[in-house]
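Reviewing the structure listed below.
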Amino acid sequence: MAGSKVRQNMVWEVEITKKTPDPEAKALIADVKDLGLKKVSSLKITRLWFLSGELDERDIQHITDELLCDPVNEQARITLLTDGRLKTVTGFEVLFNPGVMDPSVASVLRALTDMGYSGCSVRSGRRYEFNREFSPAEQDRLVKGLLLNPLIQHLAQPGEMVFARARSYRFRPAVIRITGVDDVRLAAISRERLLALSLEEMQILRRFYEELGREPTDVELETFAQTWSEHCQHKTFRGEITFGARQINNLLKSTIMRVTEELNLPWVLSAFHDNSGVIEFDEHYGISFKVETHNHPSALEPYGGAATGIGGVIRDCLGTGLGAKPVMNTDVFCFGYPGTPYEELPPGVLHPRRVLKGVVSGVRDYGNRMGIPTANGAVLFDDGFLTNPLVFCGTIGLIPRDCLRKEVRAGQAIVLLGGRTGRDGIHGVTFASLELDQDSAAFSSGAVQIGNPIEEKKLRDLVLTARDRKLFSAITDCGGGGLSSAVGELAQGHGCEVWLEKVPLKYPGLTPAEIWVSEAQERMVVFVEPGQVESLLRLAKEHDVEATVIGRVTDSGQLVVKYRERVVADLPMDFLHHGWRSVKRTAVWNRPDVSEPYVPEYQNLNEITLKLLASPNIASKEWITRQYDHEVQAGTIVKPFCGEHSTGPSDAAVIMPVRNSARACVIACGICPRYGMIDPYWMAASAIDEALRNCIAAGGDIERTAILDNFCWGSPERPEQLGALVRAAEACYDIARGFRVPFISGKDSLYNEFRTATGETVPIPGTLLISAVSVIPDGTKTVTADFKRAGSLIYLLGDTLPELGGSEYLRLHGGLGRDVPKVEPGRARRLMRQLGRAIRAGLVLACHDLSEGGLGVAVMEMAFAGGLGARLDLRRVPGAQRFERDDFLLFSESNSRFLCEVRPEARHHFERLMRGLPVRAIGQTTRELQVVIRGLQATEVLRLAVADAERVWRQALTARL
Amino acid sequence: MIRVCVLFAAGINCDEETAYAFELAGACPETVHINRLKKKPALLRNYQIFVIPGGFSYGDYIASGRVLANEIKHNLSEEIERFLAEGKLILGICNGFQVLVKSGLLPALEKPFEPQRVTLDTNDSARYEDRWVYLRTETTPCVFTRNLPEIVYLPVAHSEGKFIVDTPETLRQLNARGQIVLRYVNARGERAGYPDNPNGSVEGIAGICDPTGRIFGLMPHPERYTRREHHPRWHRENLTKPDGIVIFENAVNYVQENL
């Protein structure tokens, strides 16, 4: 057959369909219904492969049989496209855009090489055939909302060339005139080029270039836009704020960082100056922790946005010190309610169910492929997140203590590791500093990045191996702002020269400015001593990772960027990093006019308790959580689920990250945006308390716990938004200081607003996520929330107050309330310290924190998780004398409270430890599978079968997804 | 000293805990990159046990394990045949099981690297799921499961684990030759539906061996249950020896006694 190879421009099309029922098609039909499209009952999905090269019919049959088609459950059809064009298109055929690297193609090419076929071109696609036709409007919703991402894919058209070439780029020096232009023009330049620089900043630049006597290049303007962005500089947090009669200079320093500074704890190894914060683990290792948000990209493209969110924070971990090994991921999401009717969706907004499923799949596919357990998180629902969902991703890392410092010296080579650079994510950073509107999805799609977890897995393997062989001296990730931020920041105190033409590209046609700011994923920058370059490049080759020398560190104090020998940027580092002016803003805060809603008096509390258990904020998140690999690396010893059937909720995750060592980390989080609608101060206080109590409930040690802050807020240019932010930040200082718990890292995401068609701007509820990590010497001294045996004593720790503001109970009655839960950090710390001691002494069989739904929900969860019943007497609850109503007592969400199961034999020991604290035995566990509660009048107010409560709690959310 | 080759390739992510499990079992594991093995297949001769750990080799984009299976078939088949002829052991866990099945090393009804007869299809739920499952150990020639209790408890974590066969005849043969090693069951040891059978596998098949019992592949992760605290209920139950470690000890003991 050797003589009969087909001509180069011929293309083989291989169509693969399932012989067996296709669960993927079934799941997709459900998603189509989520889009509000009805009467879709069947779907056939066909995978398409296009191959060209020196391949004859026997070759393509061989490739199909061995590689593309599983003989057991798939069938194939092979067609020859003689002119290399698609003849007809059936159903919806989705193809990747020319030049876009599709990860599956890389693996096919690798396999073809193994089979002895080289020089082939491959493309992949998918065909979707539904049982019905769609109107143009429906089709648009279906295609753009579900089947493809227009940044990287398109619908195939008949006659389309399968292997089209991407444009190439011919260098044209780009200089933008800003000297001598008026302010109107200056503002227009910033707007048109999506620089997100304020007029004042543009004026600073105009002056700078007028003194320099030249005009800026496009690369230079982009560099300023990235470096001076809100995202990179936290201009609001570091700026000057007038708050009523007060002047605040640098909110970050005067609140959050001040806690860490004043506490000055010896076990905090690195706070606020690297890609993650680091605390001591043992004499050999530190534990790093960083949490990032990826809200804007996830609103537009939930799958890709969330995937690259987790990908980015993993690189933050790898870029900490000389590289930390990622050992666990966390994720926290805020969405609109999954039951939101389609008619209520503003135009251009994706349905929350679709956002949720996309985000969860993105985190799942990236985190699982990376081999990092996702073992802790939270999911919240509120109408306030309908247009702006929040996606927080965190990574905990393990780092040898001698790898904490980076060393940058003139003469080091700048080496780019990992994936190739494309047009992905251009302007992601400046985009994050702009508000969304209904057209965002249309013209900002360049800001969505594309993730390839296997590329990142290889990068991780290489970085950690190279670190252990000491092959580089400094490392950072290419995240927001791409190379411009990575190289610019790392070489800040020195200077550098970068040669952009060396950067490996995914496809030709990128301008130097695009290469410089591209946020293409899976890339890291390392600085390497000249003598180590060769060894590093060799090691990279072994790991199939591209490594390229793209520049060198100098001592010129200048950032010099060249493209094919021409200088495209030449800026003083000092001006670049310090030339921006801190912003001056005004803040106000007025207590919102809120009142207590009417709550009817119930005969008994059975029905309303079941309703609470079914609330999406309380119901089991099992549908989501089981999709994450939470035990890869074999270190997870408290998993997301606990109890007799592994269905109960765990308060925290516990991991043992070092083999042969019992030392462990307890990881938890706290987030309560509804409280912020009443008072952001107490929201922040409650989030800190919640994160800490989740951590302590599982066995964490309050004296060895550090926390992280992630603020997601509306525009700080609105005084009332900024006022709320200031209040929250001030609570962070007061409360964390009172708990003696340091902040080690944080991030803010501002401008989370949505402009509707009528021009109205909707900010999100200001939200603070607090993440906590505690190091304990012995992971076997931990507890879970499930009741362990009948006849134990049930203790309630902490005072209950009539403060139902922002609670789930009032939400169920259609109101917000006024009295938001408070925190007394000094008292709470004492309680948590003693509880930690009791747990480590083995006195506590089960422990659960009280949060949404209060005591009523907590006792139910502990009972059904443990397969046991309970009897409680509300009159014995510490603080009961303040209540006249059983329901308010049972469902109050007062902070700093725990339920503990204690063996009767341990009673005295336990009570001795708790002396002087508001702690009382309020009941017992029972063999009878019911929870029975006696109220303030000594009558029975609740009697529920444990199985009924469990069924409602487990199914409520799953049934809506 | 018994030496174990722990295969590594892009996307494999359970290599460290798998190596550690063999270490606990008294062997000397070494992680070997596929690129090194391809360059010098004879490296395999240094080892008595070859294990393909779990993960997502090359991203599993075409089908789970397919690309790595192809790579092994085209570059290492001679060495692996020799390895097997010497009576040595091969283990594939999760993605490693998928690789063994897709390369024709399992079930190897006639010979190793035969055309594929079985596969691991998308879970009925169409989702990746991580959960612990009960498994019944069948009476088989499999050397890895000799001292396992009748009912064991291990985690599964996959999206393509539904074991299916090409024809009823293949299933009959697998049963007749005792090649079905582990089946998903409920806590009482009975065959049951989802979620006890987490993916919809035919006859609840979770792991199979070749006719000699020296090649073994399974979807569950024994390396994730090698210490008491891995068990999801260690806080509430008295536990005896972790089930997972027994599989690794069996392999090491077999090599000690027979090679």
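Naming scheme: A, B, ... for chains in displayed order of the structure tokens; residues 1 onward per chain; ligands 1 onward as shown.
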Which residues of chain A come within 8 Å of chain B, and what is each one's closest atom pair and distance in Å (one decimal), counting only C-alpha atoms, sorted by chain and residue number, as a Markdown table?
```
| residue | atom | partner | partner_atom | distance |
| --- | --- | --- | --- | --- |
| A:Asp22 | CA | B:Thr122 | CA | 7.9 |
| A:Pro23 | CA | B:Ala126 | CA | 5.0 |
| A:Glu24 | CA | B:Ala126 | CA | 5.4 |
| A:Ala27 | CA | B:Ala126 | CA | 6.6 |
| A:Glu66 | CA | B:Asn70 | CA | 7.7 |
| A:Leu67 | CA | B:Arg66 | CA | 6.8 |
| A:Leu68 | CA | B:Ile62 | CA | 6.7 |
| A:Asp70 | CA | B:Thr119 | CA | 7.8 |
| A:Pro71 | CA | B:Gln116 | CA | 7.0 |
| A:Val72 | CA | B:Asp166 | CA | 5.0 |
| A:Asn73 | CA | B:Asp121 | CA | 7.5 |
| A:Pro103 | CA | B:Tyr61 | CA | 7.4 |
| A:Ser104 | CA | B:Tyr61 | CA | 5.0 |
| A:Ser107 | CA | B:Tyr58 | CA | 6.2 |
| A:Val108 | CA | B:Val67 | CA | 7.4 |
| A:Arg110 | CA | B:Val67 | CA | 7.8 |
| A:Ala111 | CA | B:Val67 | CA | 5.6 |
| A:Asp114 | CA | B:Glu71 | CA | 5.8 |
| A:Met115 | CA | B:His74 | CA | 6.6 |
| A:Arg369 | CA | B:Phe56 | CA | 5.9 |
| A:Met370 | CA | B:Asn13 | CA | 7.0 |
| A:Gly371 | CA | B:Asn13 | CA | 5.0 |
| A:Pro453 | CA | B:Gly59 | CA | 7.6 |
| A:Ile454 | CA | B:Gly11 | CA | 5.6 |
| A:Lys457 | CA | B:Gly11 | CA | 6.3 |
| A:Lys458 | CA | B:Ala10 | CA | 5.9 |
| A:Glu542 | CA | B:Asn35 | CA | 6.8 |
| A:His543 | CA | B:Ala10 | CA | 7.7 |
| A:Arg626 | CA | B:Glu129 | CA | 5.1 |
| A:Gln627 | CA | B:Glu129 | CA | 4.7 |
| A:Tyr628 | CA | B:Asp130 | CA | 6.6 |
| A:Asp629 | CA | B:Asp130 | CA | 5.6 |
| A:His630 | CA | B:Asp130 | CA | 7.2 |
| A:Glu631 | CA | B:Arg224 | CA | 7.4 |
| A:Val632 | CA | B:Cys14 | CA | 6.7 |
| A:Gln633 | CA | B:Glu17 | CA | 5.9 |
| A:Ala634 | CA | B:Arg224 | CA | 5.0 |
| A:Gly635 | CA | B:His230 | CA | 7.5 |
| A:Thr636 | CA | B:His230 | CA | 6.9 |
| A:Ile637 | CA | B:Glu229 | CA | 5.5 |
| A:Val638 | CA | B:Pro232 | CA | 7.4 |
| A:Lys639 | CA | B:Pro232 | CA | 7.1 |
| A:Cys642 | CA | B:Pro232 | CA | 6.7 |
| A:Gly643 | CA | B:Arg233 | CA | 6.5 |
| A:Glu644 | CA | B:Arg233 | CA | 7.1 |
| A:Ser646 | CA | B:Pro232 | CA | 6.9 |
| A:Thr780 | CA | B:Glu229 | CA | 7.3 |
| A:Val783 | CA | B:His235 | CA | 6.7 |
| A:Thr784 | CA | B:His235 | CA | 7.0 |
| A:Lys788 | CA | B:Arg236 | CA | 6.0 |
```
Exercise. Check the DSSP output for the backbone and give back, as JSON, numbers by chain, the residues of region 44-225 of chain B in strand (DSSP E).
Key: {"B": [49, 50, 51, 52, 89, 90, 91, 92, 93, 118, 119, 120, 121, 122, 129, 130, 131, 132, 133, 134, 135, 136, 137, 151, 152, 153, 154, 155, 156, 157, 158, 160, 161, 162, 163, 164, 165, 180, 181, 182, 183, 184, 185, 205, 206, 207, 208, 209, 215, 216, 217, 218]}
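Look at Glu30 (chain B): the protein and nucleic acid residues within 8 Å of it, using only C-alpha atoms and passing over chain neighbours fewer than 3 places away, are B:Arg3, B:Val4, B:Cys5, B:Val6, B:Ala19.
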Would you output that residue set with N, CA and C atoms, as a JSON list (two decimals), in the first residue's frame?
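That gives us again_12.json:
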```
[["chain", "number", "residue", "atom", "x", "y", "z"],
["B", 3, "ARG", "N", 11.87, -5.72, 44.53],
["B", 3, "ARG", "CA", 11.84, -4.41, 43.90],
["B", 3, "ARG", "C", 10.58, -4.23, 43.07],
["B", 4, "VAL", "N", 9.97, -3.09, 43.26],
["B", 4, "VAL", "CA", 8.71, -2.80, 42.59],
["B", 4, "VAL", "C", 8.91, -1.61, 41.65],
["B", 5, "CYS", "N", 8.51, -1.78, 40.40],
["B", 5, "CYS", "CA", 8.55, -0.67, 39.44],
["B", 5, "CYS", "C", 7.18, 0.01, 39.47],
["B", 6, "VAL", "N", 7.15, 1.25, 40.00],
["B", 6, "VAL", "CA", 5.91, 2.03, 40.03],
["B", 6, "VAL", "C", 5.94, 2.92, 38.79],
["B", 19, "ALA", "N", 3.52, 3.63, 45.96],
["B", 19, "ALA", "CA", 4.89, 3.28, 46.33],
["B", 19, "ALA", "C", 4.97, 3.08, 47.84]]
```
Practice problem: Using only C-alpha atoms, determine which residues lie at most 8 Å from Leu100 (chain B), disregarding the query and same-chain residues fewer than 5 positions distant; provide the list as a PyMOL selection string. | Solution: chain B and resi 69+92+105-106+217
Practice problem: Go through A:Thr939, A:Ser535, A:Thr340, A:Asn604 one by one, measure the shortest atom-to-atom distance of each to Asp34 (chain A) using only C-alpha atoms, and give the residue with the smallest value. | Solution: A:Thr340
Quiz prompt | Residues within 12 Å of Ser198 (chain A), only C-alpha atoms, excluding chain neighbours under 2 positions, as a ChimeraX atom specification | solution = /A:183-184,186-191,194-196,200-205,224-225,228-230,235,430,433-434,580-583,717
Quiz prompt | Spatial neighbours of Thr137 (chain B), max dist 7 Å, only C-alpha atoms, sep filter under 2 positions, as a ChimeraX atom specification | solution = /B:135,139,150-151,181-183
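Distances from A:Asp218, A:Glu261, A:Asp873, A:Glu607 to Ala921 (chain A) were compared using only C-alpha atoms, and the smallest one belongs to A:Asp873.
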Exercise. Run DSSP on the backbone of this structure and report the residues of region 214-250 of chain B it assigns to alpha helix (DSSP H), as a PyMOL selection string.
Key: chain B and resi 243-250
Quiz prompt | Residues within 8 Å of Ile180 (chain B), only C-alpha atoms, excluding chain neighbours under 4 positions, as a PyMOL selection string | solution = chain B and resi 138+140+174-175+205+207-209
Could you take the residues named above and write them with N, CA, C and O atoms, as a tab-separated table (two decimals), in the first residue's frame?
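And here's again.tsv as it stands now:
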```
chain	number	residue	atom	x	y	z
B	138	GLU	N	-13.77	-13.20	45.70
B	138	GLU	CA	-14.16	-14.51	45.17
B	138	GLU	C	-12.98	-15.48	45.29
B	138	GLU	O	-11.84	-15.07	45.47
B	140	THR	N	-10.36	-17.43	43.67
B	140	THR	CA	-9.72	-17.30	42.35
B	140	THR	C	-8.25	-17.66	42.47
B	140	THR	O	-7.73	-17.76	43.59
B	174	LEU	N	-14.88	-15.84	31.89
B	174	LEU	CA	-14.28	-15.18	33.06
B	174	LEU	C	-14.75	-15.86	34.34
B	174	LEU	O	-13.97	-16.12	35.26
B	175	ASN	N	-16.04	-16.18	34.40
B	175	ASN	CA	-16.59	-16.86	35.56
B	175	ASN	C	-16.02	-18.27	35.68
B	175	ASN	O	-15.58	-18.69	36.75
B	205	ILE	N	-18.79	-6.51	38.82
B	205	ILE	CA	-17.34	-6.80	38.73
B	205	ILE	C	-16.50	-5.55	39.01
B	205	ILE	O	-16.66	-4.52	38.36
B	207	GLY	N	-12.93	-6.10	39.95
B	207	GLY	CA	-11.53	-6.42	39.68
B	207	GLY	C	-11.42	-7.81	39.07
B	207	GLY	O	-12.20	-8.70	39.41
B	208	ILE	N	-10.47	-7.96	38.14
B	208	ILE	CA	-10.28	-9.27	37.52
B	208	ILE	C	-8.79	-9.60	37.45
B	208	ILE	O	-7.95	-8.71	37.59
B	209	CYS	N	-8.51	-10.88	37.26
B	209	CYS	CA	-7.11	-11.27	37.06
B	209	CYS	C	-7.00	-12.07	35.77
B	209	CYS	O	-8.00	-12.42	35.15
```
Practice problem: Could you check how far CA of Asn149 (chain A) sits from CA of Glu301 (chain A), in Å to one decimal? | Solution: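 Computing it gives 7.4 Å between the two atoms.
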